[in-house]
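This is run.cif. It holds mmCIF, N, CA and C atoms.
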```
data_model
loop_
_atom_site.label_atom_id
_atom_site.label_comp_id
_atom_site.auth_asym_id
_atom_site.auth_seq_id
_atom_site.Cartn_x
_atom_site.Cartn_y
_atom_site.Cartn_z
N MET A 121 0.85 -1.19 0.00
CA MET A 121 0.00 0.00 0.00
C MET A 121 0.89 1.24 0.00
N ASN A 122 0.45 2.28 -0.72
CA ASN A 122 1.29 3.48 -0.77
C ASN A 122 1.18 4.28 0.52
N SER A 123 2.12 5.18 0.73
CA SER A 123 2.17 5.93 1.98
C SER A 123 0.96 6.84 2.16
N PHE A 124 0.38 7.29 1.04
CA PHE A 124 -0.81 8.13 1.13
C PHE A 124 -1.95 7.37 1.80
N LEU A 125 -2.24 6.16 1.31
CA LEU A 125 -3.32 5.38 1.88
C LEU A 125 -2.97 4.86 3.27
N ASP A 126 -1.68 4.76 3.59
CA ASP A 126 -1.29 4.37 4.94
C ASP A 126 -1.76 5.38 5.98
N LYS A 127 -1.89 6.64 5.57
CA LYS A 127 -2.35 7.70 6.48
C LYS A 127 -3.87 7.73 6.61
N LEU A 128 -4.56 7.01 5.75
CA LEU A 128 -6.02 7.05 5.70
C LEU A 128 -6.63 6.31 6.88
N GLU A 129 -7.58 6.96 7.53
CA GLU A 129 -8.33 6.32 8.62
C GLU A 129 -9.81 6.36 8.25
N ILE A 130 -10.46 5.21 8.32
CA ILE A 130 -11.90 5.12 8.09
C ILE A 130 -12.55 4.95 9.47
N ARG A 131 -13.53 5.79 9.74
CA ARG A 131 -14.20 5.71 11.04
C ARG A 131 -15.69 5.98 10.86
N LEU A 132 -16.45 5.72 11.93
CA LEU A 132 -17.88 6.00 11.91
C LEU A 132 -18.12 7.50 11.82
N MET A 133 -19.13 7.87 11.05
CA MET A 133 -19.51 9.27 10.92
C MET A 133 -20.12 9.74 12.23
N ARG A 134 -19.83 11.00 12.57
CA ARG A 134 -20.41 11.64 13.76
C ARG A 134 -21.14 12.90 13.34
N GLU A 135 -22.02 13.37 14.21
CA GLU A 135 -22.75 14.61 13.92
C GLU A 135 -21.80 15.77 13.67
N ASP A 136 -20.67 15.80 14.38
CA ASP A 136 -19.75 16.94 14.21
C ASP A 136 -18.95 16.87 12.91
N ASP A 137 -19.21 15.85 12.07
CA ASP A 137 -18.63 15.80 10.73
C ASP A 137 -19.45 16.59 9.72
N LEU A 138 -20.59 17.11 10.15
CA LEU A 138 -21.51 17.80 9.25
C LEU A 138 -20.83 18.90 8.44
N ASP A 139 -20.10 19.79 9.09
CA ASP A 139 -19.48 20.91 8.38
C ASP A 139 -18.50 20.43 7.30
N ALA A 140 -17.71 19.43 7.62
CA ALA A 140 -16.74 18.91 6.65
C ALA A 140 -17.46 18.28 5.46
N ILE A 141 -18.55 17.57 5.71
CA ILE A 141 -19.30 16.94 4.63
C ILE A 141 -19.97 17.98 3.75
N VAL A 142 -20.54 19.01 4.37
CA VAL A 142 -21.13 20.11 3.60
C VAL A 142 -20.06 20.78 2.75
N ASP A 143 -18.87 20.98 3.30
CA ASP A 143 -17.78 21.60 2.54
C ASP A 143 -17.39 20.75 1.32
N ILE A 144 -17.25 19.44 1.52
CA ILE A 144 -16.90 18.55 0.40
C ILE A 144 -18.00 18.59 -0.66
N ASP A 145 -19.25 18.47 -0.24
CA ASP A 145 -20.37 18.48 -1.17
C ASP A 145 -20.43 19.80 -1.94
N THR A 146 -20.16 20.90 -1.26
CA THR A 146 -20.17 22.22 -1.91
C THR A 146 -19.05 22.32 -2.94
N LYS A 147 -17.88 21.79 -2.62
CA LYS A 147 -16.77 21.79 -3.59
C LYS A 147 -17.12 20.97 -4.83
N VAL A 148 -17.80 19.85 -4.62
CA VAL A 148 -18.13 18.96 -5.73
C VAL A 148 -19.25 19.54 -6.59
N LEU A 149 -20.30 20.06 -5.95
CA LEU A 149 -21.48 20.50 -6.69
C LEU A 149 -21.52 22.00 -6.99
N GLY A 150 -20.73 22.77 -6.26
CA GLY A 150 -20.71 24.21 -6.49
C GLY A 150 -21.80 24.97 -5.76
N GLU A 151 -22.55 24.30 -4.90
CA GLU A 151 -23.57 24.96 -4.10
C GLU A 151 -23.71 24.24 -2.77
N SER A 152 -24.10 25.00 -1.75
CA SER A 152 -24.25 24.42 -0.41
C SER A 152 -25.64 23.82 -0.25
N ARG A 153 -25.68 22.60 0.32
CA ARG A 153 -26.95 21.93 0.61
C ARG A 153 -26.99 21.53 2.09
N ARG A 154 -26.69 22.49 2.94
CA ARG A 154 -26.59 22.22 4.37
C ARG A 154 -27.86 21.57 4.93
N ASP A 155 -29.03 22.09 4.59
CA ASP A 155 -30.28 21.53 5.12
C ASP A 155 -30.45 20.06 4.70
N TYR A 156 -30.09 19.76 3.47
CA TYR A 156 -30.14 18.39 2.97
C TYR A 156 -29.26 17.48 3.85
N TRP A 157 -28.04 17.94 4.13
CA TRP A 157 -27.11 17.12 4.90
C TRP A 157 -27.50 17.01 6.37
N VAL A 158 -28.13 18.04 6.92
CA VAL A 158 -28.65 17.94 8.29
C VAL A 158 -29.66 16.79 8.34
N THR A 159 -30.54 16.73 7.35
CA THR A 159 -31.53 15.64 7.30
C THR A 159 -30.84 14.30 7.12
N LYS A 160 -29.92 14.20 6.16
CA LYS A 160 -29.26 12.92 5.86
C LYS A 160 -28.41 12.41 7.02
N ILE A 161 -27.66 13.30 7.63
CA ILE A 161 -26.69 12.86 8.64
C ILE A 161 -27.29 12.77 10.03
N ILE A 162 -28.08 13.75 10.39
CA ILE A 162 -28.56 13.81 11.77
C ILE A 162 -29.96 13.20 11.90
N LYS A 163 -30.90 13.62 11.10
CA LYS A 163 -32.29 13.18 11.27
C LYS A 163 -32.51 11.74 10.82
N GLN A 164 -31.78 11.28 9.80
CA GLN A 164 -31.98 9.92 9.32
C GLN A 164 -31.01 8.92 9.95
N ALA A 165 -30.16 9.39 10.84
CA ALA A 165 -29.14 8.51 11.43
C ALA A 165 -29.75 7.34 12.19
N GLU A 166 -30.90 7.56 12.84
CA GLU A 166 -31.47 6.49 13.65
C GLU A 166 -32.06 5.36 12.81
N THR A 167 -32.30 5.59 11.52
CA THR A 167 -32.85 4.54 10.67
C THR A 167 -31.76 3.78 9.92
N ARG A 168 -30.53 4.18 10.08
CA ARG A 168 -29.40 3.59 9.35
C ARG A 168 -28.49 2.89 10.36
N PRO A 169 -27.97 1.71 10.03
CA PRO A 169 -26.99 1.11 10.94
C PRO A 169 -25.81 2.07 11.15
N PRO A 170 -25.31 2.20 12.38
CA PRO A 170 -24.25 3.18 12.64
C PRO A 170 -22.98 2.95 11.83
N ASP A 171 -22.69 1.70 11.49
CA ASP A 171 -21.47 1.44 10.72
C ASP A 171 -21.72 1.47 9.21
N ALA A 172 -22.86 2.08 8.81
CA ALA A 172 -23.15 2.30 7.39
C ALA A 172 -22.96 3.77 7.03
N SER A 173 -22.47 4.55 7.97
CA SER A 173 -22.16 5.97 7.72
C SER A 173 -20.70 6.16 8.13
N LEU A 174 -19.84 6.34 7.13
CA LEU A 174 -18.40 6.37 7.38
C LEU A 174 -17.77 7.63 6.81
N VAL A 175 -16.66 8.03 7.43
CA VAL A 175 -15.84 9.10 6.87
C VAL A 175 -14.41 8.60 6.73
N ALA A 176 -13.71 9.23 5.80
CA ALA A 176 -12.28 8.98 5.61
C ALA A 176 -11.54 10.21 6.08
N GLU A 177 -10.54 9.99 6.92
CA GLU A 177 -9.73 11.09 7.44
C GLU A 177 -8.27 10.89 7.07
N ILE A 178 -7.60 12.00 6.82
CA ILE A 178 -6.15 12.02 6.68
C ILE A 178 -5.64 13.13 7.57
N ASP A 179 -4.75 12.76 8.49
CA ASP A 179 -4.20 13.72 9.45
C ASP A 179 -5.30 14.49 10.17
N GLY A 180 -6.39 13.79 10.54
CA GLY A 180 -7.47 14.40 11.29
C GLY A 180 -8.45 15.23 10.47
N ARG A 181 -8.27 15.28 9.16
CA ARG A 181 -9.14 16.05 8.28
C ARG A 181 -10.05 15.11 7.50
N VAL A 182 -11.36 15.37 7.52
CA VAL A 182 -12.30 14.55 6.76
C VAL A 182 -12.12 14.88 5.28
N VAL A 183 -11.80 13.85 4.49
CA VAL A 183 -11.56 14.03 3.06
C VAL A 183 -12.57 13.24 2.20
N GLY A 184 -13.44 12.47 2.85
CA GLY A 184 -14.44 11.71 2.12
C GLY A 184 -15.46 11.10 3.06
N PHE A 185 -16.56 10.65 2.47
CA PHE A 185 -17.62 10.04 3.26
C PHE A 185 -18.44 9.10 2.38
N ILE A 186 -19.16 8.20 3.04
CA ILE A 186 -20.08 7.30 2.35
C ILE A 186 -21.25 7.01 3.28
N LEU A 187 -22.44 6.95 2.71
CA LEU A 187 -23.64 6.60 3.45
C LEU A 187 -24.26 5.37 2.80
N GLY A 188 -24.58 4.39 3.61
CA GLY A 188 -25.23 3.19 3.12
C GLY A 188 -26.46 2.89 3.95
N GLU A 189 -27.19 1.88 3.52
CA GLU A 189 -28.41 1.49 4.23
C GLU A 189 -28.59 -0.02 4.08
N VAL A 190 -29.37 -0.58 5.00
CA VAL A 190 -29.84 -1.95 4.87
C VAL A 190 -31.33 -1.83 4.64
N SER A 191 -31.82 -2.50 3.59
CA SER A 191 -33.21 -2.37 3.20
C SER A 191 -34.13 -3.04 4.19
N GLY A 192 -35.28 -2.46 4.35
CA GLY A 192 -36.39 -3.14 5.01
C GLY A 192 -37.18 -3.83 3.91
N TRP A 193 -38.47 -3.90 4.09
CA TRP A 193 -39.29 -4.55 3.07
C TRP A 193 -40.00 -3.53 2.18
N GLU A 194 -39.43 -2.32 2.05
CA GLU A 194 -40.04 -1.33 1.19
C GLU A 194 -40.07 -1.85 -0.25
N PHE A 195 -41.14 -1.62 -0.94
CA PHE A 195 -41.27 -1.98 -2.35
C PHE A 195 -40.94 -3.45 -2.58
N LYS A 196 -41.27 -4.29 -1.59
CA LYS A 196 -41.04 -5.73 -1.67
C LYS A 196 -39.57 -6.09 -1.86
N VAL A 197 -38.68 -5.23 -1.36
CA VAL A 197 -37.25 -5.50 -1.41
C VAL A 197 -36.88 -6.25 -0.13
N PRO A 198 -36.26 -7.41 -0.21
CA PRO A 198 -35.95 -8.19 0.99
C PRO A 198 -34.84 -7.58 1.84
N ASN A 199 -34.72 -8.06 3.07
CA ASN A 199 -33.76 -7.54 4.03
C ASN A 199 -32.30 -7.80 3.67
N ASN A 200 -32.04 -8.68 2.72
CA ASN A 200 -30.65 -8.97 2.37
C ASN A 200 -30.08 -7.95 1.38
N ILE A 201 -30.81 -6.87 1.15
CA ILE A 201 -30.39 -5.84 0.20
C ILE A 201 -29.80 -4.65 0.95
N GLY A 202 -28.64 -4.20 0.47
CA GLY A 202 -28.03 -2.98 0.99
C GLY A 202 -27.97 -1.94 -0.10
N TRP A 203 -27.75 -0.72 0.30
CA TRP A 203 -27.69 0.40 -0.64
C TRP A 203 -26.48 1.27 -0.35
N ILE A 204 -25.83 1.73 -1.39
CA ILE A 204 -24.89 2.83 -1.25
C ILE A 204 -25.69 4.06 -1.66
N ASP A 205 -25.96 4.90 -0.68
CA ASP A 205 -26.78 6.08 -0.89
C ASP A 205 -25.97 7.21 -1.50
N THR A 206 -24.86 7.54 -0.87
CA THR A 206 -24.07 8.70 -1.29
C THR A 206 -22.60 8.44 -0.98
N ILE A 207 -21.76 8.89 -1.89
CA ILE A 207 -20.32 8.85 -1.65
C ILE A 207 -19.75 10.19 -2.12
N GLY A 208 -18.87 10.76 -1.32
CA GLY A 208 -18.28 12.04 -1.68
C GLY A 208 -16.82 12.10 -1.26
N ILE A 209 -15.98 12.57 -2.16
CA ILE A 209 -14.55 12.72 -1.89
C ILE A 209 -14.17 14.16 -2.20
N ASP A 210 -13.44 14.78 -1.30
CA ASP A 210 -12.93 16.13 -1.54
C ASP A 210 -12.18 16.13 -2.87
N PRO A 211 -12.49 17.07 -3.77
CA PRO A 211 -11.82 17.09 -5.08
C PRO A 211 -10.30 17.10 -4.99
N ASP A 212 -9.74 17.68 -3.93
CA ASP A 212 -8.28 17.69 -3.77
C ASP A 212 -7.71 16.30 -3.48
N TYR A 213 -8.58 15.33 -3.15
CA TYR A 213 -8.14 13.98 -2.79
C TYR A 213 -8.72 12.90 -3.68
N GLN A 214 -9.39 13.29 -4.76
CA GLN A 214 -9.99 12.30 -5.66
C GLN A 214 -8.92 11.56 -6.46
N ASN A 215 -9.32 10.39 -6.94
CA ASN A 215 -8.46 9.54 -7.78
C ASN A 215 -7.22 9.05 -7.05
N ARG A 216 -7.36 8.83 -5.75
CA ARG A 216 -6.24 8.31 -4.95
C ARG A 216 -6.60 7.02 -4.21
N GLY A 217 -7.79 6.49 -4.48
CA GLY A 217 -8.19 5.22 -3.86
C GLY A 217 -9.05 5.35 -2.62
N ILE A 218 -9.35 6.57 -2.20
CA ILE A 218 -10.12 6.77 -0.97
C ILE A 218 -11.54 6.22 -1.12
N ALA A 219 -12.18 6.50 -2.24
CA ALA A 219 -13.55 6.03 -2.46
C ALA A 219 -13.60 4.50 -2.43
N LYS A 220 -12.60 3.86 -3.00
CA LYS A 220 -12.57 2.40 -3.02
C LYS A 220 -12.44 1.84 -1.60
N VAL A 221 -11.59 2.46 -0.79
CA VAL A 221 -11.44 2.00 0.60
C VAL A 221 -12.75 2.21 1.36
N LEU A 222 -13.38 3.37 1.19
CA LEU A 222 -14.66 3.63 1.85
C LEU A 222 -15.71 2.60 1.42
N ALA A 223 -15.83 2.39 0.11
CA ALA A 223 -16.84 1.46 -0.40
C ALA A 223 -16.59 0.04 0.07
N ASN A 224 -15.34 -0.41 0.03
CA ASN A 224 -15.03 -1.76 0.51
C ASN A 224 -15.33 -1.92 2.00
N THR A 225 -15.04 -0.89 2.78
CA THR A 225 -15.34 -0.95 4.22
C THR A 225 -16.84 -1.02 4.44
N LEU A 226 -17.60 -0.21 3.70
CA LEU A 226 -19.06 -0.24 3.82
C LEU A 226 -19.60 -1.61 3.43
N VAL A 227 -19.11 -2.17 2.35
CA VAL A 227 -19.57 -3.50 1.91
C VAL A 227 -19.33 -4.53 3.01
N GLU A 228 -18.14 -4.52 3.60
CA GLU A 228 -17.85 -5.46 4.69
C GLU A 228 -18.79 -5.25 5.88
N ASN A 229 -19.06 -3.99 6.20
CA ASN A 229 -19.97 -3.70 7.31
C ASN A 229 -21.38 -4.19 7.01
N LEU A 230 -21.86 -3.98 5.78
CA LEU A 230 -23.22 -4.39 5.42
C LEU A 230 -23.36 -5.91 5.41
N LYS A 231 -22.30 -6.62 5.06
CA LYS A 231 -22.35 -8.08 5.08
C LYS A 231 -22.72 -8.61 6.47
N ARG A 232 -22.31 -7.91 7.51
CA ARG A 232 -22.60 -8.34 8.89
C ARG A 232 -24.09 -8.30 9.21
N TYR A 233 -24.86 -7.59 8.40
CA TYR A 233 -26.31 -7.52 8.59
C TYR A 233 -27.04 -8.51 7.70
N GLY A 234 -26.31 -9.40 7.06
CA GLY A 234 -26.91 -10.39 6.18
C GLY A 234 -27.09 -9.92 4.75
N VAL A 235 -26.56 -8.76 4.44
CA VAL A 235 -26.67 -8.23 3.08
C VAL A 235 -25.81 -9.06 2.14
N ASP A 236 -26.41 -9.48 1.02
CA ASP A 236 -25.63 -10.19 0.01
C ASP A 236 -25.74 -9.54 -1.37
N THR A 237 -26.51 -8.47 -1.46
CA THR A 237 -26.65 -7.72 -2.71
C THR A 237 -26.71 -6.23 -2.37
N ILE A 238 -25.94 -5.44 -3.10
CA ILE A 238 -25.89 -3.99 -2.84
C ILE A 238 -26.26 -3.25 -4.11
N TYR A 239 -27.15 -2.29 -3.96
CA TYR A 239 -27.59 -1.44 -5.07
C TYR A 239 -27.09 -0.02 -4.86
N THR A 240 -27.01 0.71 -5.94
CA THR A 240 -26.79 2.15 -5.90
C THR A 240 -27.40 2.73 -7.16
N LEU A 241 -27.65 4.02 -7.16
CA LEU A 241 -28.18 4.72 -8.32
C LEU A 241 -27.13 5.71 -8.80
N VAL A 242 -26.90 5.72 -10.11
CA VAL A 242 -25.92 6.61 -10.71
C VAL A 242 -26.54 7.26 -11.93
N ASN A 243 -26.31 8.54 -12.09
CA ASN A 243 -26.76 9.23 -13.29
C ASN A 243 -26.08 8.61 -14.50
N TRP A 244 -26.86 8.29 -15.53
CA TRP A 244 -26.35 7.62 -16.72
C TRP A 244 -25.19 8.38 -17.36
N ASN A 245 -25.18 9.70 -17.23
CA ASN A 245 -24.14 10.52 -17.85
C ASN A 245 -22.93 10.77 -16.94
N ASP A 246 -22.94 10.24 -15.74
CA ASP A 246 -21.82 10.43 -14.81
C ASP A 246 -20.80 9.31 -15.04
N TRP A 247 -20.02 9.46 -16.11
CA TRP A 247 -19.11 8.39 -16.55
C TRP A 247 -18.06 8.05 -15.50
N ASP A 248 -17.55 9.05 -14.79
CA ASP A 248 -16.54 8.76 -13.77
C ASP A 248 -17.11 7.86 -12.68
N LEU A 249 -18.32 8.18 -12.23
CA LEU A 249 -18.94 7.37 -11.17
C LEU A 249 -19.31 5.99 -11.71
N LEU A 250 -19.82 5.92 -12.93
CA LEU A 250 -20.12 4.62 -13.53
C LEU A 250 -18.87 3.76 -13.63
N GLN A 251 -17.76 4.35 -14.05
CA GLN A 251 -16.51 3.60 -14.14
C GLN A 251 -16.03 3.15 -12.77
N PHE A 252 -16.19 4.02 -11.76
CA PHE A 252 -15.79 3.66 -10.40
C PHE A 252 -16.57 2.43 -9.94
N PHE A 253 -17.90 2.47 -10.07
CA PHE A 253 -18.69 1.34 -9.59
C PHE A 253 -18.44 0.08 -10.43
N HIS A 254 -18.20 0.25 -11.72
CA HIS A 254 -17.85 -0.90 -12.55
C HIS A 254 -16.55 -1.54 -12.05
N ALA A 255 -15.56 -0.71 -11.74
CA ALA A 255 -14.29 -1.22 -11.23
C ALA A 255 -14.47 -1.91 -9.88
N MET A 256 -15.49 -1.50 -9.12
CA MET A 256 -15.78 -2.14 -7.82
C MET A 256 -16.50 -3.48 -8.00
N GLY A 257 -16.93 -3.78 -9.24
CA GLY A 257 -17.60 -5.04 -9.50
C GLY A 257 -19.10 -4.91 -9.69
N PHE A 258 -19.63 -3.69 -9.67
CA PHE A 258 -21.06 -3.49 -9.88
C PHE A 258 -21.38 -3.71 -11.36
N THR A 259 -22.58 -4.24 -11.63
CA THR A 259 -23.08 -4.41 -12.99
C THR A 259 -24.48 -3.81 -13.04
N ARG A 260 -25.02 -3.69 -14.25
CA ARG A 260 -26.40 -3.20 -14.37
C ARG A 260 -27.32 -4.17 -13.69
N GLY A 261 -28.24 -3.63 -12.90
CA GLY A 261 -29.20 -4.46 -12.20
C GLY A 261 -30.44 -4.70 -13.03
N ASP A 262 -31.40 -5.40 -12.43
CA ASP A 262 -32.62 -5.72 -13.14
C ASP A 262 -33.75 -4.74 -12.87
N MET A 263 -33.49 -3.70 -12.08
CA MET A 263 -34.52 -2.70 -11.81
C MET A 263 -34.33 -1.52 -12.77
N ILE A 264 -35.40 -0.84 -13.08
CA ILE A 264 -35.37 0.31 -13.96
C ILE A 264 -35.85 1.52 -13.16
N ASN A 265 -35.11 2.60 -13.24
CA ASN A 265 -35.47 3.85 -12.60
C ASN A 265 -36.52 4.55 -13.46
N LEU A 266 -37.71 4.79 -12.92
CA LEU A 266 -38.76 5.49 -13.63
C LEU A 266 -38.96 6.87 -13.02
N VAL A 267 -39.24 7.86 -13.85
CA VAL A 267 -39.41 9.22 -13.38
C VAL A 267 -40.68 9.81 -14.00
N LEU A 268 -41.43 10.54 -13.20
CA LEU A 268 -42.58 11.30 -13.67
C LEU A 268 -42.38 12.74 -13.21
N LYS A 269 -42.18 13.64 -14.15
CA LYS A 269 -42.03 15.06 -13.80
C LYS A 269 -43.41 15.69 -13.78
N VAL A 270 -43.73 16.37 -12.68
CA VAL A 270 -45.04 17.00 -12.55
C VAL A 270 -44.90 18.48 -12.26
#
```
Output the structure of this file as structure tokens.
Amino acid sequence: MNSFLDKLEIRLMREDDLDAIVDIDTKVLGESRRDYWVTKIIKQAETRPPDASLVAEIDGRVVGFILGEVSGWEFKVPNNIGWIDTIGIDPDYQNRGIAKVLANTLVENLKRYGVDTIYTLVNWNDWDLLQFFHAMGFTRGDMINLVLKV
């Protein structure tokens, strides 16, 4: 392993990581979505297994995060299904393997809940993210995303 990844620490996400996550998301998208992240990180935390919300730190600085879930029986989806909800890496630290370490750690954590299949949603035009998940071993699933704009 290279010395950069040797410095990487993956740990459980905490409420006080909110500002760092908002900063990363703002750098990636170009706009702040603080209210969105308050809901995702703080309000929805009790419905998510604690080890399905992770951050990556280097020298005490949060440089990435991932949120996952274990499915209930919503939409007739069985309990053995997990989800990668969101993954974000500070642009200054992208393409260095951090996302892969986060995703692999999340997958291992979800396996402990009996998960044997993991889904995620990716915009069809987001080639970088599609390539990332393909490299992780993801393939096209059998579900189709349907949208109705009203």
- Item | Answer key for the PyMOL selection byres (((chain A and resi 226 and name CA) around 12) and name CA), residues as a PyMOL selection string | chain A and resi 130-133+169-176+185-190+202-207+219-225+227-233+235+238
re atom CA of A:Val183 and atom CA of A:Asn245: distance 24.7 Å
### Task
Assign secondary structure with DSSP using the backbone only, and return the residues of chain A in strand (DSSP E or B) as a ChimeraX atom specification.
/A:128-132,173-178,181-190,201-209,237-240
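Note that the spacing between atom CA of A:Ile201 and atom C of A:Met256 amounts to 16.3 Å.
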> Quick one: residues within 7 Å of A:Ser152, all atoms listed in the file counted, chain neighbours fewer than 4 positions away excluded, as number ranges by chain?
Replying inline: A: 142, 145-146
Output N, CA and C atoms for every residue in the selection just made, as a tab-separated table (two decimals), in the coordinates of the input.
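File written: again06.tsv
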```tsv
chain	number	residue	atom	x	y	z
A	142	VAL	N	-20.54	19.01	4.37
A	142	VAL	CA	-21.13	20.11	3.60
A	142	VAL	C	-20.06	20.78	2.75
A	145	ASP	N	-19.25	18.47	-0.24
A	145	ASP	CA	-20.37	18.48	-1.17
A	145	ASP	C	-20.43	19.80	-1.94
A	146	THR	N	-20.16	20.90	-1.26
A	146	THR	CA	-20.17	22.22	-1.91
A	146	THR	C	-19.05	22.32	-2.94
```
Across A:Gly184, A:Lys127, A:Asn265, A:Gln214, the smallest distance to A:Ile141, with all atoms listed in the file counted, is shown by A:Gly184
How big is the axis-aligned box, and where does its centre sit, when it encloses all atoms of stretch 155-171 of chain A listed in the file and has 6 Å added on every side, reported in Å to one decimal as AutoDock Vina command-line options?
```
--center_x -27.2 --center_y 11.6 --center_z 8.3 --size_x 23.4 --size_y 33.0 --size_z 22.7
```
Please, could all heavy atoms be added to stretch 227-234 of chain A and the result written as an mmCIF file, in the frame of the given file?
```
data_model
loop_
_atom_site.group_PDB
_atom_site.id
_atom_site.type_symbol
_atom_site.label_atom_id
_atom_site.label_comp_id
_atom_site.auth_asym_id
_atom_site.auth_seq_id
_atom_site.Cartn_x
_atom_site.Cartn_y
_atom_site.Cartn_z
ATOM 1 N N VAL A 227 -19.110 -2.170 2.350
ATOM 2 C CA VAL A 227 -19.570 -3.500 1.910
ATOM 3 C C VAL A 227 -19.330 -4.530 3.010
ATOM 4 O O VAL A 227 -20.219 -5.326 3.339
ATOM 5 C CB VAL A 227 -18.887 -3.915 0.589
ATOM 6 C CG1 VAL A 227 -19.110 -5.397 0.289
ATOM 7 C CG2 VAL A 227 -19.383 -3.050 -0.563
ATOM 8 N N GLU A 228 -18.140 -4.520 3.600
ATOM 9 C CA GLU A 228 -17.850 -5.460 4.690
ATOM 10 C C GLU A 228 -18.790 -5.250 5.880
ATOM 11 O O GLU A 228 -19.253 -6.213 6.486
ATOM 12 C CB GLU A 228 -16.383 -5.344 5.120
ATOM 13 C CG GLU A 228 -15.411 -5.889 4.098
ATOM 14 C CD GLU A 228 -15.702 -7.343 3.727
ATOM 15 O OE1 GLU A 228 -15.880 -8.189 4.628
ATOM 16 O OE2 GLU A 228 -15.766 -7.628 2.504
ATOM 17 N N ASN A 229 -19.060 -3.990 6.200
ATOM 18 C CA ASN A 229 -19.970 -3.700 7.310
ATOM 19 C C ASN A 229 -21.380 -4.190 7.010
ATOM 20 O O ASN A 229 -22.044 -4.766 7.876
ATOM 21 C CB ASN A 229 -19.990 -2.200 7.609
ATOM 22 C CG ASN A 229 -18.691 -1.706 8.214
ATOM 23 O OD1 ASN A 229 -17.780 -2.482 8.517
ATOM 24 N ND2 ASN A 229 -18.573 -0.397 8.365
ATOM 25 N N LEU A 230 -21.860 -3.980 5.780
ATOM 26 C CA LEU A 230 -23.220 -4.390 5.420
ATOM 27 C C LEU A 230 -23.360 -5.910 5.410
ATOM 28 O O LEU A 230 -24.432 -6.431 5.742
ATOM 29 C CB LEU A 230 -23.619 -3.804 4.069
ATOM 30 C CG LEU A 230 -23.770 -2.280 4.005
ATOM 31 C CD1 LEU A 230 -24.190 -1.852 2.603
ATOM 32 C CD2 LEU A 230 -24.733 -1.751 5.045
ATOM 33 N N LYS A 231 -22.300 -6.620 5.060
ATOM 34 C CA LYS A 231 -22.350 -8.080 5.080
ATOM 35 C C LYS A 231 -22.720 -8.610 6.470
ATOM 36 O O LYS A 231 -23.392 -9.635 6.590
ATOM 37 C CB LYS A 231 -21.000 -8.668 4.669
ATOM 38 C CG LYS A 231 -20.717 -8.630 3.201
ATOM 39 C CD LYS A 231 -19.345 -9.290 2.977
ATOM 40 C CE LYS A 231 -18.877 -9.265 1.573
ATOM 41 N NZ LYS A 231 -17.527 -9.855 1.455
ATOM 42 N N ARG A 232 -22.310 -7.910 7.510
ATOM 43 C CA ARG A 232 -22.600 -8.340 8.890
ATOM 44 C C ARG A 232 -24.090 -8.300 9.210
ATOM 45 O O ARG A 232 -24.525 -8.895 10.192
ATOM 46 C CB ARG A 232 -21.823 -7.497 9.894
ATOM 47 C CG ARG A 232 -20.355 -7.820 9.886
ATOM 48 C CD ARG A 232 -19.621 -7.131 11.021
ATOM 49 N NE ARG A 232 -18.453 -6.512 10.428
ATOM 50 C CZ ARG A 232 -18.087 -5.263 10.578
ATOM 51 N NH1 ARG A 232 -18.769 -4.461 11.354
ATOM 52 N NH2 ARG A 232 -17.027 -4.788 9.990
ATOM 53 N N TYR A 233 -24.860 -7.590 8.400
ATOM 54 C CA TYR A 233 -26.310 -7.520 8.590
ATOM 55 C C TYR A 233 -27.040 -8.510 7.700
ATOM 56 O O TYR A 233 -28.261 -8.454 7.560
ATOM 57 C CB TYR A 233 -26.810 -6.093 8.308
ATOM 58 C CG TYR A 233 -26.278 -5.095 9.298
ATOM 59 C CD1 TYR A 233 -25.120 -4.373 9.027
ATOM 60 C CD2 TYR A 233 -26.911 -4.886 10.522
ATOM 61 C CE1 TYR A 233 -24.604 -3.474 9.940
ATOM 62 C CE2 TYR A 233 -26.406 -3.989 11.445
ATOM 63 C CZ TYR A 233 -25.262 -3.287 11.143
ATOM 64 O OH TYR A 233 -24.745 -2.402 12.058
ATOM 65 N N GLY A 234 -26.310 -9.400 7.060
ATOM 66 C CA GLY A 234 -26.910 -10.390 6.180
ATOM 67 C C GLY A 234 -27.090 -9.920 4.750
ATOM 68 O O GLY A 234 -27.711 -10.606 3.940
#
```
